[in-house]
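Chemist: Before anything else, here's the structure in question.
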Amino acid sequence: MKKKLFSYLNKHVANVRFQRNKCVPFSGLFFSFILLTGNAKAQVNGKIIDVITKEPLEFAEVTTIGTSATILSNKVGAFNLHSDSAVTVLISHIGYESKTQQLYPHKNNVIELEQAGVNLANVTIAQNSSNHFNTISKIDLNLSPTKSSQDILKLVPGLFIAQHAGGGKAEQIFLRGFDIDHGTDIKITADGLPVNMISHAHGQGYADLHFIIPELVSNVDYGKGPYFTEQGNLNTAGYVSLQTVNQLSKSRVRVESGQFNTFRTLALIDLPLSKTRNQNAYIGSEFLYFDGPFNSPQSFHRFNAQGKYNVALSANNSLNVLVSAFSSKWNASGQIPERAVKDGSNDRFGAIDDTEGGNTNRHNASVMLRSVFKNENLLEQQAFYSRYNFQLFSNFTFFLNNPVTGDQIKQTDHRNIWGYNAKYTVHHTKGTLDVTTIIGASIRLDKTENTGLSYTKNRTELVEQLQLGNITEQNTSVYIDEKIKLNRFLLNVGARLVHFNFLYFDKVKEQQKEAQNKAIVSPKINLQYSITNNLQLYTKLGKGFHSNDTRVVIANEGRQILPAAYGADLGFIVKPANNVLLNAALWYLYSEQEFVYVGDEGITEPSGKSRRTGLDFSARYQISSHLFADANVNLANPRFINKPKGENYVPLAPRFTSTGGINYVAKEGLHGSVRYKFIKNRPANEANTVTAKGYTILDATVSYSKPKYELGIVIENGLNATWNEAQFDTESRLKNEPAPVSELHFTPGTPFYARLKIAFFF
């Protein structure tokens, strides 16, 4: 009877239907039960680690010799094979030497891999992973010019950022035809900590990554579109997840110096206890000073510190503790209207109000417990806390609203964030059927104090208090995700149920409005078919959402709390040759009506329904054992719906972007890269009467490394192009103007910028 039932499931599993708002993913629990009660073979268990750091390696490929069966290691580097006798396997991982090893049942099989250069010939398109290649390698991280972890976002194909407030403010983000502002439609995490600040004083989803030391980032996982069950709120255009190292391969100190009064120091120290009792720890700190190319120096100060402690509590339980602190302060020259440059009253690097700027700080604590059970089932639990403070002074309209004192505004945000994440992963195989079930839950509570908006003068004088209040927002969610592999098919279905509670205590108005509650279900379905080990087709369907600002929710009495986005992708991954890897996707995204909180004015604006279609294309080519080339091309056609033709452009949304370059990679000696980024002209308003100007920028880095030291030079904008980094169509009025003018305002991009670096390892 059991065999007949399993045969029936095996025959019909590919016909699982995706039904909106129904719990079809729970079928995987039934599959898991059938597999558990079957006559399982003995297990051959293994764990894959880095030979130096002893860190587990996720996504290592384990191929049984004599078959084409390939599985992937999990987050703790573990895997299991169903066999009652010894098996010989080939283990490979991007950036490591491949290794063949014989494994035995009932033994602790540990495989240690040595780091090596990337070899595309050893890369296969894994049949049981739906997101395997959306990982930025350590090589890419090391060869790309970065001043902060915020710059690492630029490595995501098709993602652009722009800074327009002195270096300390979170950058503006663009992806898949979205002007995401500072994070409204992209979810960003770092070591499981939320980066986005919901209901923030400056904008919904404000994502400031400057609290991460870039040299500590070991992995960047990303995905585009609303197709990822684990991501939740703000995952509409995509997500980015950063991970920092758990252990240092060696200690180091670094000093950098360059143009525009740039000075940076870095120290990463491996603590002595890392050599004893299955535990390790390190501390790292960074200090940066930068004046920038502006006539009024930015005086940008940033200080970061991070510590991690890891301990194996037992053979199956490990604990990870993270603490970090960050603070920065800066001045800013703000945006310049084109007319002020054209009439000679100002230059590109001048200012209308040079008293802009701000300060911010953040302190984090996180505890992660990982427990491995029978059959390598994995339970991950994380508790975290963040204390965050933010103060920003801006002036976008100059003397439009206040002809005497000016339009400078002050935004403040002080908050505590508490959270808990849990995820249980169950993996079973029998015959040709492979099922992975993930069950998860999370809770996040944000409580702000005196979130405010006011008019000020010269930062010090309060002119008018526009908004002031306390925000309480709670987000609770549960989800289930299934990956069902049958021969060359991989079906991934999932759903996430999220409940929000919104409360706002208004200190400006006497009459308070009631709290609001809302829930939403986000289903996903992804299907891929591996025609060969070198060609894979896939399609993705999903529903995502981003929550609106609590003040909008309360003011509108619960209308449009959770506007949804519906997406679809159709694409392929192919290796036409051993040294070439291509990835392409046609995509579609529809967004419902939104009410967006405009933090700079303290008002709400309906942006309307929108539709986006596009094409993403990425290519990697290994020219030789050390030389690599890559290119990314991204096309998008964003439009508002139900608006007159010619007046339905999405302001600032990118339509054509491309990034790429050439990397020379060597374990020692000379290595470096030349990289480009290009963005085409795009509409700056809905009628396309003002154009945000495109640009092409070339960056380069060259380093010479030895086991004990490294020397290098980083060049940004090597061709010294004149370009606008941030651009807006803004109505403003200068001091002596009789009437306001609406035109392009911009923050100038950095001209040719070089800096030297030297590092010592010990």
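By convention here, the chains of the structure tokens are called A, B, ... in the order presented, each chain's residues are numbered starting at 1, and ligands are numbered starting at 1 in the order presented.
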Find the residues around A:Ile49 up to 9 Å (only C-alpha atoms counted), leave out those fewer than 2 positions away in its own chain, and share them as a PDB file with N, CA, C and O atoms, in the first residue's frame.

Modeler:
```
ATOM      1  N   LYS A  47      30.174  17.065   6.183  1.00  0.00           N
ATOM      2  CA  LYS A  47      30.210  18.500   6.443  1.00  0.00           C
ATOM      3  C   LYS A  47      31.391  19.093   5.697  1.00  0.00           C
ATOM      4  O   LYS A  47      32.497  18.559   5.741  1.00  0.00           O
ATOM      5  N   VAL A  51      39.358  25.115   4.881  1.00  0.00           N
ATOM      6  CA  VAL A  51      40.489  24.475   5.539  1.00  0.00           C
ATOM      7  C   VAL A  51      41.188  25.401   6.524  1.00  0.00           C
ATOM      8  O   VAL A  51      41.766  24.946   7.517  1.00  0.00           O
ATOM      9  N   ILE A  52      41.117  26.717   6.299  1.00  0.00           N
ATOM     10  CA  ILE A  52      41.817  27.662   7.175  1.00  0.00           C
ATOM     11  C   ILE A  52      40.916  28.161   8.291  1.00  0.00           C
ATOM     12  O   ILE A  52      41.247  28.050   9.481  1.00  0.00           O
ATOM     13  N   THR A  53      39.760  28.700   7.923  1.00  0.00           N
ATOM     14  CA  THR A  53      38.891  29.304   8.942  1.00  0.00           C
ATOM     15  C   THR A  53      38.005  28.290   9.648  1.00  0.00           C
ATOM     16  O   THR A  53      37.427  28.597  10.686  1.00  0.00           O
ATOM     17  N   LYS A  54      37.872  27.090   9.051  1.00  0.00           N
ATOM     18  CA  LYS A  54      36.973  26.044   9.567  1.00  0.00           C
ATOM     19  C   LYS A  54      35.507  26.472   9.488  1.00  0.00           C
ATOM     20  O   LYS A  54      34.634  25.851  10.106  1.00  0.00           O
ATOM     21  N   GLU A  55      35.216  27.512   8.710  1.00  0.00           N
ATOM     22  CA  GLU A  55      33.849  27.964   8.524  1.00  0.00           C
ATOM     23  C   GLU A  55      33.096  27.007   7.606  1.00  0.00           C
ATOM     24  O   GLU A  55      33.645  26.530   6.599  1.00  0.00           O
ATOM     25  N   PRO A  56      31.841  26.691   7.895  1.00  0.00           N
ATOM     26  CA  PRO A  56      31.049  25.836   6.998  1.00  0.00           C
ATOM     27  C   PRO A  56      30.798  26.538   5.668  1.00  0.00           C
ATOM     28  O   PRO A  56      30.666  27.764   5.615  1.00  0.00           O
ATOM     29  N   LEU A  57      30.723  25.758   4.600  1.00  0.00           N
ATOM     30  CA  LEU A  57      30.527  26.293   3.263  1.00  0.00           C
ATOM     31  C   LEU A  57      29.138  25.901   2.758  1.00  0.00           C
ATOM     32  O   LEU A  57      28.848  24.722   2.544  1.00  0.00           O
ATOM     33  N   GLU A  58      28.290  26.901   2.593  1.00  0.00           N
ATOM     34  CA  GLU A  58      26.955  26.675   2.053  1.00  0.00           C
ATOM     35  C   GLU A  58      27.013  26.632   0.531  1.00  0.00           C
ATOM     36  O   GLU A  58      27.871  27.249  -0.101  1.00  0.00           O
ATOM     37  N   VAL A  76      25.029  25.141   7.423  1.00  0.00           N
ATOM     38  CA  VAL A  76      26.100  24.705   8.319  1.00  0.00           C
ATOM     39  C   VAL A  76      27.065  23.772   7.593  1.00  0.00           C
ATOM     40  O   VAL A  76      27.832  23.057   8.210  1.00  0.00           O
ATOM     41  N   GLY A  77      27.031  23.803   6.250  1.00  0.00           N
ATOM     42  CA  GLY A  77      27.939  23.003   5.445  1.00  0.00           C
ATOM     43  C   GLY A  77      27.598  21.533   5.378  1.00  0.00           C
ATOM     44  O   GLY A  77      28.369  20.727   4.845  1.00  0.00           O
ATOM     45  N   VAL A 110      34.250  14.838   7.354  1.00  0.00           N
ATOM     46  CA  VAL A 110      34.517  16.265   7.222  1.00  0.00           C
ATOM     47  C   VAL A 110      35.391  16.483   5.995  1.00  0.00           C
ATOM     48  O   VAL A 110      36.447  15.856   5.854  1.00  0.00           O
ATOM     49  N   ILE A 111      34.957  17.361   5.105  1.00  0.00           N
ATOM     50  CA  ILE A 111      35.709  17.659   3.882  1.00  0.00           C
ATOM     51  C   ILE A 111      36.203  19.089   3.972  1.00  0.00           C
ATOM     52  O   ILE A 111      35.416  20.032   4.136  1.00  0.00           O
ATOM     53  N   GLU A 112      37.507  19.278   3.882  1.00  0.00           N
ATOM     54  CA  GLU A 112      38.117  20.605   3.966  1.00  0.00           C
ATOM     55  C   GLU A 112      38.534  21.058   2.570  1.00  0.00           C
ATOM     56  O   GLU A 112      39.262  20.349   1.872  1.00  0.00           O
ATOM     57  N   LEU A 113      38.063  22.223   2.167  1.00  0.00           N
ATOM     58  CA  LEU A 113      38.383  22.766   0.848  1.00  0.00           C
ATOM     59  C   LEU A 113      39.340  23.942   0.974  1.00  0.00           C
ATOM     60  O   LEU A 113      39.228  24.755   1.894  1.00  0.00           O
TER      61      LEU A 113
END
```

Chemist: Determine which residues of stretch 542-665 of chain A receive a DSSP assignment of alpha helix (DSSP H), computed from the backbone, and state them as a PyMOL selection string.

Modeler: chain A and resi 550-555

Chemist: Go through A:Val156, A:Leu271, A:Ala305, A:Leu756 one by one, measure the shortest atom-to-atom distance of each to A:Ser618 using only C-alpha atoms, and give the residue with the smallest value.

Modeler: A:Val156

Chemist: How far is it from atom CA of A:Tyr588 to atom CA of A:Tyr227, in Å with one decimal?

Modeler: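 Value for the atom CA of A:Tyr588-atom CA of A:Tyr227 distance: 12.1 Å.
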
Chemist: Nearest to A:Val598: which of A:Asn80, A:Ser345, A:Thr429, A:Thr184 is it, counting only C-alpha atoms?

Modeler: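 Smallest distance to A:Val598 is found for A:Thr184.
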
Chemist: So that I can see what lies close to stretch 236-242 of chain A, please list as JSON, numbers by chain the residues with an atom at most 8 Å from it, counting only C-alpha atoms and leaving out residues fewer than 2 positions away in the same chain.

Modeler: {"A": [153, 175, 176, 178, 185, 186, 187, 188, 189, 190, 191, 192, 217, 218, 219, 220, 221, 222, 223, 224, 225, 226, 231, 234, 244, 544, 545, 546, 565]}

Chemist: Using only C-alpha atoms, which protein or nucleic acid residues come within 8 Å of A:Val372? Drop anything in the same chain fewer than 4 positions from it, and give the result as a PDB file with C-alpha atoms, in the first residue's frame.

Modeler:
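For reference, result_39.pdb as written:
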```
ATOM      1  CA  ASN A 316      24.916  19.669  16.962  1.00  0.00           C
ATOM      2  CA  ASN A 317      24.456  23.140  18.453  1.00  0.00           C
ATOM      3  CA  GLU A 376      20.687  17.130   8.882  1.00  0.00           C
ATOM      4  CA  ASN A 377      17.409  18.924   9.614  1.00  0.00           C
ATOM      5  CA  LEU A 378      18.267  22.443  10.730  1.00  0.00           C
ATOM      6  CA  LEU A 379      16.656  24.851  13.212  1.00  0.00           C
TER       7      LEU A 379
END
```

Chemist: Quick one: everything within 10 Å of A:Asn458, counting only C-alpha atoms, minus sequence neighbours fewer than 6 positions away in the same chain. Send it as an MDAnalysis selection string.

Modeler: chainID A and resid 353:356 393 405:406 408:409

Chemist: Just write the chosen residues, C-alpha atoms, as a PDB file, in the first residue's frame.

Modeler:
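selection-v7.pdb, freshly written:
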```
ATOM      1  CA  ASP A 353      22.396  76.317   1.751  1.00  0.00           C
ATOM      2  CA  ASP A 354      25.648  74.818   3.041  1.00  0.00           C
ATOM      3  CA  THR A 355      24.265  74.271   6.544  1.00  0.00           C
ATOM      4  CA  GLU A 356      22.641  71.008   5.491  1.00  0.00           C
ATOM      5  CA  PHE A 393      18.898  68.883   7.932  1.00  0.00           C
ATOM      6  CA  THR A 405      14.079  82.327   7.051  1.00  0.00           C
ATOM      7  CA  GLY A 406      14.372  79.795   4.244  1.00  0.00           C
ATOM      8  CA  GLN A 408      15.495  74.253   5.799  1.00  0.00           C
ATOM      9  CA  ILE A 409      13.842  71.245   7.452  1.00  0.00           C
TER      10      ILE A 409
END
```

Chemist: How many Å lie between atom CA of A:Ser547 and atom CA of A:Leu453, rounded to one decimal?

Modeler: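 Pair atom CA of A:Ser547 / atom CA of A:Leu453 returns 20.9 Å.
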
Chemist: Fewer than 6 positions away in the same chain doesn't count, so skip those; otherwise give me all residues within 7 Å of A:Lys308, counting only C-alpha atoms, as a PyMOL selection string.

Modeler: chain A and resi 246+281-283+321-323

Chemist: Just asking: which residues within stretch 251-407 of chain A are strand (DSSP E or B) according to DSSP, as a ChimeraX atom specification?

Modeler: /A:252-258,262-270,279-290,300-312,317-332,336-337,356-372,378-394,398

Chemist: What does the structure give for the distance between atom CA of A:Val665 and atom CA of A:Ile48, in Å to one decimal?

Modeler: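 A separation of 24.3 Å between them.
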
Chemist: Neighbouring residues of A:Leu581 were defined as those with any atom within 9 Å, considering only C-alpha atoms; residues of the same chain fewer than 5 positions away were excluded. Please report them as a list in words.

Modeler: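 Listing them by chain and then by number gives Leu120, Asn534, Ile573, Val574, Lys575, Pro576, Ser618, Ala619, Arg620, Tyr621 and Gln622 of chain A.
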
Chemist: May I ask which of the residues A:Thr550, A:Asn416, A:Thr691, A:Ser442 is the closest one to A:Ser199, counting only C-alpha atoms?

Modeler: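 Closest residue, counting only C-alpha atoms: A:Thr550.
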